>>> print(open('upload.tsv').read())   # TSV, C-alpha atoms
chain	number	residue	atom	x	y	z
A	1	MET	CA	76.07	70.14	92.98
A	2	ALA	CA	73.86	70.84	89.95
A	3	GLU	CA	70.77	69.51	91.79
A	4	GLY	CA	71.10	72.17	94.49
A	5	LEU	CA	71.00	75.96	94.26
A	6	ASN	CA	73.92	77.56	92.48
A	7	PHE	CA	74.28	81.15	91.42
A	8	THR	CA	76.58	83.88	90.19
A	9	LEU	CA	75.28	87.43	90.61
A	10	ALA	CA	76.60	90.90	89.85
A	11	HIS	CA	74.52	93.92	90.82
A	12	ARG	CA	74.83	97.52	91.84
A	13	ARG	CA	72.54	99.01	94.49
A	14	GLY	CA	73.43	102.53	95.54
A	15	THR	CA	77.11	102.43	96.46
A	16	LEU	CA	77.08	98.64	96.90
A	17	GLU	CA	78.78	96.60	94.19
A	18	LEU	CA	77.65	93.00	94.67
A	19	ASP	CA	79.66	90.25	93.00
A	20	VAL	CA	79.00	86.82	94.49
A	21	ALA	CA	79.03	83.15	93.48
A	22	LEU	CA	77.90	80.30	95.71
A	23	GLU	CA	76.56	76.74	95.64
A	24	VAL	CA	74.17	75.23	98.19
A	25	ALA	CA	73.61	71.47	98.12
A	26	PRO	CA	70.23	69.76	98.61
A	27	GLY	CA	69.61	69.41	102.34
A	28	GLU	CA	72.35	71.91	103.15
A	29	THR	CA	71.82	75.18	105.01
A	30	VAL	CA	74.35	77.92	104.31
A	31	ALA	CA	74.26	80.84	106.75
A	32	LEU	CA	75.05	84.11	104.97
A	33	MET	CA	76.60	86.57	107.41
A	34	GLY	CA	78.26	89.95	107.19
A	35	PRO	CA	78.16	93.55	108.39
A	36	SER	CA	75.07	95.68	107.79
A	37	GLY	CA	74.99	96.93	104.22
A	38	ALA	CA	77.16	94.08	102.89
A	39	GLY	CA	74.45	92.95	100.46
A	40	LYS	CA	72.95	89.90	102.22
A	41	THR	CA	69.25	90.73	101.76
A	42	THR	CA	69.96	92.09	98.27
A	43	CYS	CA	71.35	88.67	97.41
A	44	LEU	CA	68.13	86.97	98.54
A	45	GLU	CA	65.98	89.43	96.58
A	46	LEU	CA	68.01	88.78	93.42
A	47	LEU	CA	67.62	85.02	93.82
A	48	ALA	CA	63.87	85.34	94.37
A	49	GLY	CA	63.49	87.52	91.27
A	50	LEU	CA	62.41	90.60	93.24
A	51	LEU	CA	65.41	92.46	91.79
A	52	ARG	CA	67.04	92.09	88.39
A	53	PRO	CA	70.85	91.85	88.51
A	54	ARG	CA	73.23	93.55	86.13
A	55	HIS	CA	74.17	90.06	84.99
A	56	GLY	CA	74.20	86.60	86.47
A	57	HIS	CA	73.13	82.96	86.42
A	58	VAL	CA	70.79	81.18	88.88
A	59	ALA	CA	69.85	77.50	88.67
A	60	CYS	CA	68.07	75.22	91.12
A	61	ALA	CA	67.54	71.47	90.82
A	62	GLY	CA	68.80	71.72	87.25
A	63	ASP	CA	66.21	74.35	86.36
A	64	VAL	CA	67.58	77.70	85.13
A	65	TRP	CA	65.82	80.69	86.72
A	66	LEU	CA	68.15	83.35	85.41
A	67	ASP	CA	70.75	83.49	82.68
A	68	SER	CA	71.46	87.02	81.56
A	69	ALA	CA	73.68	85.77	78.72
A	70	SER	CA	70.76	83.97	77.04
A	71	GLY	CA	67.96	86.28	78.17
A	72	VAL	CA	66.32	83.92	80.70
A	73	ASP	CA	64.76	85.80	83.62
A	74	ARG	CA	61.84	84.03	85.26
A	75	PRO	CA	59.46	86.13	87.38
A	76	PRO	CA	59.23	85.42	91.14
A	77	GLU	CA	56.09	83.27	90.82
A	78	ALA	CA	57.86	80.95	88.37
A	79	ARG	CA	60.99	80.38	90.46
A	80	ARG	CA	59.72	77.71	92.89
A	81	VAL	CA	61.52	79.38	95.76
A	82	GLY	CA	60.21	79.85	99.30
A	83	PHE	CA	61.08	83.26	100.76
A	84	LEU	CA	60.64	83.61	104.52
A	85	PHE	CA	60.69	87.31	105.39
A	86	GLN	CA	61.83	88.60	108.78
A	87	ASP	CA	58.27	89.69	109.70
A	88	TYR	CA	56.86	86.49	108.08
A	89	ALA	CA	54.43	88.56	105.90
A	90	LEU	CA	51.33	86.53	106.84
A	91	PHE	CA	47.89	87.77	105.79
A	92	PRO	CA	46.31	89.07	109.02
A	93	HIS	CA	42.73	88.45	107.82
A	94	LEU	CA	43.37	84.76	107.05
A	95	ASP	CA	43.78	81.93	109.53
A	96	ALA	CA	46.85	79.70	109.56
A	97	ARG	CA	45.39	77.12	107.17
A	98	ALA	CA	44.25	79.74	104.68
A	99	ASN	CA	47.69	81.39	104.78
A	100	VAL	CA	49.38	78.08	104.01
A	101	ALA	CA	46.80	77.13	101.38
A	102	TYR	CA	47.42	80.46	99.64
A	103	GLY	CA	51.04	79.47	99.16
A	104	ALA	CA	50.00	76.13	97.72
A	105	ARG	CA	47.45	77.64	95.29
A	106	ALA	CA	49.88	80.37	94.16
A	107	ARG	CA	52.20	77.68	92.76
A	108	GLY	CA	49.55	75.25	91.56
A	109	ALA	CA	50.13	72.79	94.41
A	110	PRO	CA	47.12	70.88	95.82
A	111	ALA	CA	45.32	72.51	98.75
A	112	ALA	CA	45.86	69.30	100.75
A	113	ALA	CA	49.52	70.28	100.97
A	114	ALA	CA	48.48	72.93	103.49
A	115	ASP	CA	47.11	70.36	105.93
A	116	GLU	CA	50.12	68.10	105.40
A	117	TRP	CA	52.63	70.80	106.32
A	118	LEU	CA	50.55	72.16	109.21
A	119	GLU	CA	50.55	68.62	110.61
A	120	ARG	CA	54.28	68.12	110.04
A	121	LEU	CA	55.11	71.41	111.75
A	122	GLY	CA	52.89	70.71	114.75
A	123	LEU	CA	50.30	73.35	113.84
A	124	ARG	CA	47.18	71.25	113.29
A	125	GLU	CA	45.49	72.59	116.43
A	126	ARG	CA	46.37	76.16	115.42
A	127	ALA	CA	45.02	75.87	111.86
A	128	GLY	CA	41.93	77.99	112.58
A	129	ARG	CA	43.76	80.83	114.33
A	130	ARG	CA	44.72	84.11	112.73
A	131	PRO	CA	48.32	85.38	112.97
A	132	GLN	CA	47.59	87.79	115.84
A	133	ALA	CA	46.41	84.84	117.96
A	134	LEU	CA	49.63	82.88	117.39
A	135	SER	CA	52.96	83.11	119.20
A	136	GLY	CA	56.05	84.36	117.38
A	137	GLY	CA	57.36	80.83	116.95
A	138	GLU	CA	54.00	79.64	115.63
A	139	ARG	CA	53.84	82.49	113.11
A	140	GLN	CA	57.30	81.54	111.92
A	141	ARG	CA	56.22	77.92	111.40
A	142	VAL	CA	53.08	78.99	109.53
A	143	ALA	CA	55.22	81.10	107.18
A	144	LEU	CA	57.59	78.18	106.71
A	145	ALA	CA	54.67	75.80	106.06
A	146	ARG	CA	53.37	78.23	103.43
A	147	ALA	CA	56.74	78.22	101.67
A	148	LEU	CA	57.05	74.43	101.78
A	149	ALA	CA	53.43	73.78	100.73
A	150	SER	CA	54.05	75.77	97.56
A	151	GLY	CA	56.40	73.07	96.28
A	152	ALA	CA	59.49	75.22	96.73
A	153	ARG	CA	62.77	73.71	95.56
A	154	ALA	CA	64.89	76.09	97.63
A	155	LEU	CA	64.34	78.22	100.73
A	156	LEU	CA	65.56	81.75	101.37
A	157	LEU	CA	65.33	82.81	105.03
A	158	ASP	CA	65.87	86.45	105.97
A	159	GLU	CA	66.61	86.77	109.71
A	160	PRO	CA	64.06	84.08	110.66
A	161	MET	CA	64.74	84.59	114.40
A	162	GLY	CA	64.69	88.38	114.25
A	163	ALA	CA	61.07	88.76	115.36
A	164	LEU	CA	61.39	86.33	118.30
A	165	ASP	CA	62.20	87.19	121.90
A	166	VAL	CA	65.33	85.73	123.48
A	167	ALA	CA	63.39	83.23	125.60
A	168	THR	CA	61.70	81.73	122.51
A	169	ARG	CA	64.73	81.51	120.24
A	170	ALA	CA	66.41	78.45	121.75
A	171	ALA	CA	63.32	76.23	121.36
A	172	VAL	CA	62.52	77.56	117.89
A	173	ARG	CA	66.08	76.97	116.66
A	174	GLY	CA	65.73	73.26	117.39
A	175	GLN	CA	62.37	73.06	115.64
A	176	LEU	CA	63.62	74.95	112.60
A	177	ARG	CA	66.75	72.81	112.33
A	178	ARG	CA	64.60	69.66	112.34
A	179	VAL	CA	62.17	70.99	109.73
A	180	LEU	CA	64.94	72.12	107.39
A	181	ALA	CA	66.64	68.73	107.65
A	182	GLU	CA	63.36	66.93	106.86
A	183	ALA	CA	62.61	69.21	103.90
A	184	GLY	CA	65.92	68.27	102.25
A	185	LEU	CA	66.08	71.51	100.25
A	186	PRO	CA	69.00	73.88	99.68
A	187	VAL	CA	68.59	76.71	102.20
A	188	LEU	CA	70.25	80.13	102.20
A	189	LEU	CA	69.83	81.76	105.60
A	190	VAL	CA	70.66	85.41	106.30
A	191	THR	CA	71.42	86.13	109.95
A	192	HIS	CA	73.35	88.56	112.13
A	193	ASP	CA	73.35	86.16	115.08
A	194	PRO	CA	76.39	83.83	115.38
A	195	VAL	CA	74.33	81.47	117.58
A	196	ASP	CA	71.71	81.10	114.81
A	197	ALA	CA	74.45	80.58	112.24
A	198	LEU	CA	76.13	77.89	114.34
A	199	ALA	CA	72.87	76.13	115.26
A	200	LEU	CA	71.32	76.16	111.78
A	201	GLY	CA	74.13	76.49	109.25
A	202	ASP	CA	76.09	73.55	107.86
A	203	ARG	CA	78.45	76.12	106.35
A	204	LEU	CA	78.97	79.84	106.81
A	205	ALA	CA	79.43	82.29	103.94
A	206	VAL	CA	80.74	85.70	104.97
A	207	LEU	CA	79.78	88.64	102.75
A	208	GLU	CA	81.67	91.92	103.17
A	209	GLU	CA	81.17	94.94	100.92
A	210	GLY	CA	79.46	92.80	98.29
A	211	ARG	CA	82.16	90.08	98.15
A	212	LEU	CA	82.40	86.67	99.78
A	213	THR	CA	85.51	86.80	101.95
A	214	GLN	CA	85.28	83.29	103.44
A	215	VAL	CA	83.11	80.21	103.01
A	216	GLY	CA	83.40	77.09	105.14
A	217	THR	CA	82.34	75.28	108.28
A	218	HIS	CA	82.29	77.15	111.57
A	219	ASP	CA	85.36	75.20	112.74
A	220	ALA	CA	87.29	76.03	109.57
A	221	LEU	CA	86.54	79.75	109.90
A	222	ALA	CA	87.35	79.70	113.62
A	223	LEU	CA	90.74	78.13	112.99
A	224	HIS	CA	91.66	80.27	109.98
A	225	PRO	CA	89.85	83.64	109.96
A	226	ARG	CA	91.03	85.98	107.20
A	227	THR	CA	89.28	89.26	107.96
A	228	PRO	CA	88.63	91.21	111.19
A	229	PHE	CA	84.89	90.52	110.84
A	230	VAL	CA	85.44	86.75	110.64
A	231	ALA	CA	87.92	86.88	113.52
A	232	ASP	CA	85.42	88.76	115.66
A	233	LEU	CA	82.72	86.27	114.67
A	234	ALA	CA	84.96	83.37	115.63
A	235	GLY	CA	86.20	85.05	118.79
A	236	ARG	CA	89.88	85.14	117.76
A	237	ASN	CA	92.70	87.64	117.79
A	238	LEU	CA	93.91	88.04	114.20
A	239	TYR	CA	96.94	89.82	112.73
A	240	ALA	CA	98.50	90.08	109.30
A	241	ALA	CA	102.19	89.40	109.76
A	242	VAL	CA	105.47	88.78	107.98
A	243	VAL	CA	107.05	85.52	109.13
A	244	GLU	CA	110.79	84.94	108.89
A	245	PRO	CA	111.97	81.83	107.02
A	246	GLY	CA	113.50	78.92	108.88
A	247	THR	CA	112.46	76.24	111.36
A	248	GLY	CA	111.81	76.16	115.07
A	249	LEU	CA	110.93	79.28	117.01
A	250	LYS	CA	111.13	82.29	114.68
A	251	PRO	CA	109.95	85.92	114.58
A	252	ALA	CA	106.78	87.16	112.91
A	253	ARG	CA	106.26	90.91	112.73
A	254	ALA	CA	102.72	92.28	113.03
A	255	GLY	CA	102.75	96.06	113.02
A	256	ALA	CA	105.03	97.25	115.83
A	257	LEU	CA	104.95	93.87	117.61
A	258	VAL	CA	107.22	90.92	117.00
A	259	PHE	CA	105.72	87.56	117.90
A	260	HIS	CA	107.76	84.39	118.14
A	261	VAL	CA	105.95	81.48	116.48
A	262	LEU	CA	106.35	77.84	115.48
A	263	ALA	CA	105.62	77.51	111.76
A	264	ASP	CA	108.24	75.54	109.85
A	265	THR	CA	106.24	75.49	106.60
A	266	VAL	CA	105.20	79.16	106.56
A	267	ALA	CA	107.32	82.18	105.61
A	268	GLY	CA	106.55	85.64	104.29
A	269	HIS	CA	103.09	87.20	104.47
A	270	ALA	CA	100.76	85.19	106.72
A	271	PHE	CA	98.09	85.40	109.39
A	272	LEU	CA	98.51	84.88	113.12
A	273	ALA	CA	95.43	83.85	115.11
A	274	PHE	CA	94.80	82.79	118.70
A	275	ALA	CA	91.94	82.71	121.19
A	276	PRO	CA	91.54	85.47	123.82
A	277	SER	CA	91.60	82.72	126.46
A	278	GLU	CA	95.24	82.06	125.48
A	279	VAL	CA	96.27	85.55	126.65
A	280	ALA	CA	97.53	85.68	130.25
A	281	LEU	CA	97.63	89.03	132.06
A	282	ALA	CA	99.86	90.15	134.92
A	283	GLU	CA	100.71	93.39	136.72
A	284	GLU	CA	104.43	92.60	136.60
A	285	ARG	CA	106.44	91.29	133.69
A	286	PRO	CA	106.37	87.47	133.94
A	287	ALA	CA	109.67	85.83	134.85
A	288	GLY	CA	110.97	82.87	132.88
A	289	SER	CA	111.11	82.03	129.20
A	290	ALA	CA	107.70	83.11	127.88
A	291	GLN	CA	108.12	83.70	124.14
A	292	ASN	CA	105.61	86.51	123.65
A	293	VAL	CA	105.29	89.13	126.38
A	294	PHE	CA	104.01	92.63	125.64
A	295	ALA	CA	103.25	95.73	127.65
A	296	ALA	CA	99.66	96.78	126.99
A	297	THR	CA	97.14	99.37	128.10
A	298	VAL	CA	93.56	98.43	128.98
A	299	ARG	CA	91.26	100.16	126.52
A	300	GLU	CA	87.91	98.59	127.46
A	301	LEU	CA	86.40	95.89	129.67
A	302	ARG	CA	83.49	93.83	128.36
A	303	PRO	CA	81.82	91.75	131.08
A	304	GLY	CA	80.44	88.32	130.19
A	305	ALA	CA	78.38	85.85	132.22
A	306	ASP	CA	81.33	84.66	134.29
A	307	ARG	CA	84.27	86.04	132.30
A	308	VAL	CA	85.68	89.43	131.40
A	309	PHE	CA	87.03	90.38	127.98
A	310	ALA	CA	89.81	92.92	128.32
A	311	VAL	CA	90.45	94.86	125.11
A	312	LEU	CA	94.06	96.03	125.17
A	313	ASP	CA	96.28	98.34	123.13
A	314	ALA	CA	99.69	96.76	122.60
A	315	SER	CA	101.91	99.18	120.65
A	316	GLY	CA	98.99	100.14	118.42
A	317	LEU	CA	97.59	96.63	117.93
A	318	THR	CA	94.31	95.57	119.52
A	319	LEU	CA	94.67	92.49	121.69
A	320	THR	CA	91.72	90.83	123.48
A	321	ALA	CA	92.19	88.71	126.59
A	322	GLU	CA	89.52	86.52	128.20
A	323	ILE	CA	89.95	86.11	131.97
A	324	THR	CA	87.80	85.25	134.97
A	325	ARG	CA	86.00	87.94	136.96
A	326	GLU	CA	88.18	87.01	139.94
A	327	ALA	CA	91.36	87.55	137.91
A	328	SER	CA	90.07	90.90	136.67
A	329	ALA	CA	89.34	92.03	140.22
A	330	SER	CA	92.71	90.77	141.46
A	331	LEU	CA	94.53	92.70	138.73
A	332	ARG	CA	92.35	95.76	139.43
A	333	LEU	CA	91.75	96.13	135.71
A	334	ALA	CA	90.34	99.45	134.54
A	335	PRO	CA	90.63	101.51	131.36
A	336	GLY	CA	94.05	103.16	131.22
A	337	LYS	CA	95.81	100.58	133.41
A	338	THR	CA	99.07	99.12	132.07
A	339	VAL	CA	99.47	95.33	132.25
A	340	TRP	CA	101.69	92.63	130.78
A	341	ALA	CA	100.15	90.24	128.26
A	342	ALA	CA	101.73	86.85	127.52
A	343	VAL	CA	100.91	84.34	124.76
A	344	LYS	CA	102.62	80.98	124.29
A	345	ALA	CA	104.07	80.29	120.85
A	346	THR	CA	102.23	76.95	120.76
A	347	ALA	CA	98.89	78.80	121.10
A	348	ILE	CA	99.38	80.86	117.92
A	349	GLY	CA	98.03	79.49	114.66
A	350	VAL	CA	100.11	80.55	111.63
A	351	TYR	CA	98.79	80.17	108.09
A	352	ALA	CA	99.21	81.78	104.69
>>> encode(input="upload.tsv", output="C-alpha cells")
Amino acid sequence: MAEGLNFTLAHRRGTLELDVALEVAPGETVALMGPSGAGKTTCLELLAGLLRPRHGHVACAGDVWLDSASGVDRPPEARRVGFLFQDYALFPHLDARANVAYGARARGAPAAAADEWLERLGLRERAGRRPQALSGGERQRVALARALASGARALLLDEPMGALDVATRAAVRGQLRRVLAEAGLPVLLVTHDPVDALALGDRLAVLEEGRLTQVGTHDALALHPRTPFVADLAGRNLYAAVVEPGTGLKPARAGALVFHVLADTVAGHAFLAFAPSEVALAEERPAGSAQNVFAATVRELRPGADRVFAVLDASGLTLTAEITREASASLRLAPGKTVWAAVKATAIGVYA
C-alpha cells in the first residue's frame, strides 16, 4: 500500500494523547469516526502539515511528507494534499472559477485544470457565480474541485456534509461518492454521521481517546463490535463476558446476567453481541424453553419512524430492544414498567 497514504502519528493536544497508525489505498475512502474530542480533526491537521506532531511518519504515493526521525517536515503547500474544510473556506469575493483556479495556481498546476474540474463536477454553468449565489451542495463541489485541480495526491475531508441541510444530503452523497471514485485518490473522511460513513466509506476507522479501537468494513464492525461506541454505531447490544468451556449450549456471564450461548470454539473472556431486533418483550414470563429470559425495567423509550427502541435495565446491564409501535402500545411500555426480555441463543454472536 506504499502508493497510497500511510501514516504513524503521535501528538499531544491539551489532555488528548494521539497515537494512531493507518493506511489508505489509492481509490479508497476511509471514514474516520469517534466521539467528540477523540482527535479526528487533529489527525487531519497533522497530515496536512497545519500542526507538527511530537513524532511520526507520513508518506503518500511514495513521497515522504514527514519523518521526524530524519528531520523531514514539509510545509502544507508542499504536501500535495487537498483539505476540504467543513465550511469549505471559499473566497467570498471570487467566483467559482477563480476559487478553483486559485487552488491550481497555488500548487503550480495549469489554470486549465480549473475548467476541467468544474466541467467534471457539473459546475460549468456556475463558474461565474460567487459562493453566496451557490447552493450548499454547489459550494461543496467548488471546494472539492479546488482541491482536485491543485494536483492533490490525497484528500482530507472534514465533515463534508456538515454544512448541508437534511434534504440536500442524500443527493450530494451520491455525487460525492461518484467524484471520489473517479478521482482514484486515497481519501480520509471525518464524519459524525453513520449514514455518511456507510455511503462514502469503503472502511471505517474508529478513533476513541486518541487511539484506533477498530478498523474494518461496516459489516465487519457490525458483526464484531469491541467497544460501546462501535456497538452503538452498529446498532448492537454488546457485553464483555466470561464463557464457560465446553460444547453445545453453555453459560456466559456478563455482569449479573448469565446468558446461554452456542460457541464451541470460544471459552474465557469474550464478547457477546446481538441486534435489538432479536430481543422479544412480554408482560409475563414466556413459557417454554427459551434459553435467555430476563426481568427488566424500562428506562427509556426512543421512537423511530415506525419502530420503538426500548432501553431496559436488566440487573444493572443496559439492554436495547427494537419493537413495532403496535407492540409497544400493546405492552403499555413506559419508563419504570417491568417486562420480560427474551433472546434466542442462536441470535447471540460470541467472539474473543
>>> residues_around(input="upload.tsv", residues="A:Pro160", least_positions_apart="2", cutoff="12 Å", atoms="only C-alpha atoms", output="PyMOL selection string")
chain A and resi 31+83-89+136-137+139-141+143-144+155-158+162-165+169+172-173+176-177+188-193+196-197+200
>>> closest_residue(input="upload.tsv", among="A:Thr8, A:Ser330, A:Gln175, A:Thr338", to="A:Ser68", atoms="all atoms listed in the file")
A:Thr8
>>> atom_distance(input="upload.tsv", atom1="atom CA of A:Leu118", atom2="atom CA of A:Glu77")
22.2 Å
>>> residues_near_point(input="upload.tsv", point="(76.3, 92.3, 91.6)", cutoff="10 Å", atoms="only C-alpha atoms", output="PyMOL selection string")
chain A and resi 8-13+16-21+39+42-43+46+52-56+210-211
>>> closest_residue(input="upload.tsv", among="A:Ala149, A:Leu319, A:Val195, A:Leu238", to="A:Ala111", atoms="only C-alpha atoms")
A:Ala149
>>> residues_around(input="upload.tsv", residues="stretch 247-260 of chain A", least_positions_apart="2", cutoff="9 Å", atoms="only C-alpha atoms", output="list in words")
Tyr239, Ala240, Ala241, Val242, Val243, Glu244, Pro245, Leu262, Ala263, Asp264, Thr265, Ala267, Gly268, Ala270, Leu272, Gln291, Asn292, Val293, Phe294, Ala314, Ser315, Gly316, Leu317, Val343, Lys344 and Ala345 of chain A
>>> residues_around(input="upload.tsv", residues="A:Ala104", least_positions_apart="4", cutoff="7 Å", atoms="all atoms listed in the file", output="ChimeraX atom specification")
/A:100,108-111,113-114,146,149-150
>>> residues_around(input="upload.tsv", residues="A:Asp115", least_positions_apart="2", cutoff="10 Å", atoms="all atoms listed in the file", output="list in words")
Arg97, Ala98, Val100, Ala101, Ala111, Ala112, Ala113, Trp117, Leu118, Glu119, Arg120, Leu121, Leu123, Arg124, Ala127, Ala145 and Ala149 of chain A
>>> atom_distance(input="upload.tsv", atom1="atom CA of A:Leu301", atom2="atom CA of A:Pro228")
19.2 Å
>>> residues_around(input="upload.tsv", residues="A:Ala341", least_positions_apart="6", cutoff="12 Å", atoms="all atoms listed in the file", output="PyMOL selection string")
chain A and resi 276-286+290-298+310-315+318-323
>>> closest_residue(input="upload.tsv", among="A:Pro225, A:Glu45, A:Val230, A:Ser328", to="A:Val206", atoms="all atoms listed in the file")
A:Val230
>>> closest_residue(input="upload.tsv", among="A:Ala205, A:Ala222, A:Val81, A:Ala133", to="A:Leu50", atoms="all atoms listed in the file")
A:Val81
>>> atom_distance(input="upload.tsv", atom1="atom CA of A:Leu212", atom2="atom CA of A:Ala273")
20.3 Å
>>> build_atoms(input="upload.tsv", residues="stretch 95-111 of chain A", atoms="N, CA and C atoms", output="JSON list (two decimals), in the coordinates of the input")
[["chain", "number", "residue", "atom", "x", "y", "z"],
["A", 95, "ASP", "N", 43.27, 82.80, 108.47],
["A", 95, "ASP", "CA", 43.78, 81.93, 109.53],
["A", 95, "ASP", "C", 45.01, 81.18, 109.02],
["A", 96, "ALA", "N", 45.60, 80.38, 109.91],
["A", 96, "ALA", "CA", 46.85, 79.70, 109.56],
["A", 96, "ALA", "C", 46.68, 78.80, 108.34],
["A", 97, "ARG", "N", 45.58, 78.03, 108.31],
["A", 97, "ARG", "CA", 45.39, 77.12, 107.17],
["A", 97, "ARG", "C", 45.22, 77.90, 105.87],
["A", 98, "ALA", "N", 44.47, 78.96, 105.91],
["A", 98, "ALA", "CA", 44.25, 79.74, 104.68],
["A", 98, "ALA", "C", 45.55, 80.39, 104.22],
["A", 99, "ASN", "N", 46.40, 80.83, 105.16],
["A", 99, "ASN", "CA", 47.69, 81.39, 104.78],
["A", 99, "ASN", "C", 48.54, 80.36, 104.07],
["A", 100, "VAL", "N", 48.57, 79.14, 104.61],
["A", 100, "VAL", "CA", 49.38, 78.08, 104.01],
["A", 100, "VAL", "C", 48.78, 77.64, 102.68],
["A", 101, "ALA", "N", 47.46, 77.54, 102.63],
["A", 101, "ALA", "CA", 46.80, 77.13, 101.38],
["A", 101, "ALA", "C", 47.03, 78.15, 100.27],
["A", 102, "TYR", "N", 47.14, 79.44, 100.65],
["A", 102, "TYR", "CA", 47.42, 80.46, 99.64],
["A", 102, "TYR", "C", 48.75, 80.17, 98.96],
["A", 103, "GLY", "N", 49.75, 79.80, 99.75],
["A", 103, "GLY", "CA", 51.04, 79.47, 99.16],
["A", 103, "GLY", "C", 50.97, 78.30, 98.22],
["A", 104, "ALA", "N", 50.15, 77.30, 98.58],
["A", 104, "ALA", "CA", 50.00, 76.13, 97.72],
["A", 104, "ALA", "C", 49.31, 76.51, 96.41],
["A", 105, "ARG", "N", 48.20, 77.27, 96.50],
["A", 105, "ARG", "CA", 47.45, 77.64, 95.29],
["A", 105, "ARG", "C", 48.28, 78.53, 94.37],
["A", 106, "ALA", "N", 49.09, 79.43, 94.97],
["A", 106, "ALA", "CA", 49.88, 80.37, 94.16],
["A", 106, "ALA", "C", 50.84, 79.65, 93.23],
["A", 107, "ARG", "N", 51.25, 78.43, 93.59],
["A", 107, "ARG", "CA", 52.20, 77.68, 92.76],
["A", 107, "ARG", "C", 51.55, 76.46, 92.11],
["A", 108, "GLY", "N", 50.22, 76.37, 92.20],
["A", 108, "GLY", "CA", 49.55, 75.25, 91.56],
["A", 108, "GLY", "C", 49.65, 73.95, 92.32],
["A", 109, "ALA", "N", 50.06, 74.00, 93.60],
["A", 109, "ALA", "CA", 50.13, 72.79, 94.41],
["A", 109, "ALA", "C", 48.75, 72.49, 94.97],
["A", 110, "PRO", "N", 48.45, 71.23, 95.29],
["A", 110, "PRO", "CA", 47.12, 70.88, 95.82],
["A", 110, "PRO", "C", 46.90, 71.50, 97.20],
["A", 111, "ALA", "N", 45.66, 71.88, 97.48],
["A", 111, "ALA", "CA", 45.32, 72.51, 98.75],
["A", 111, "ALA", "C", 45.62, 71.58, 99.92]]
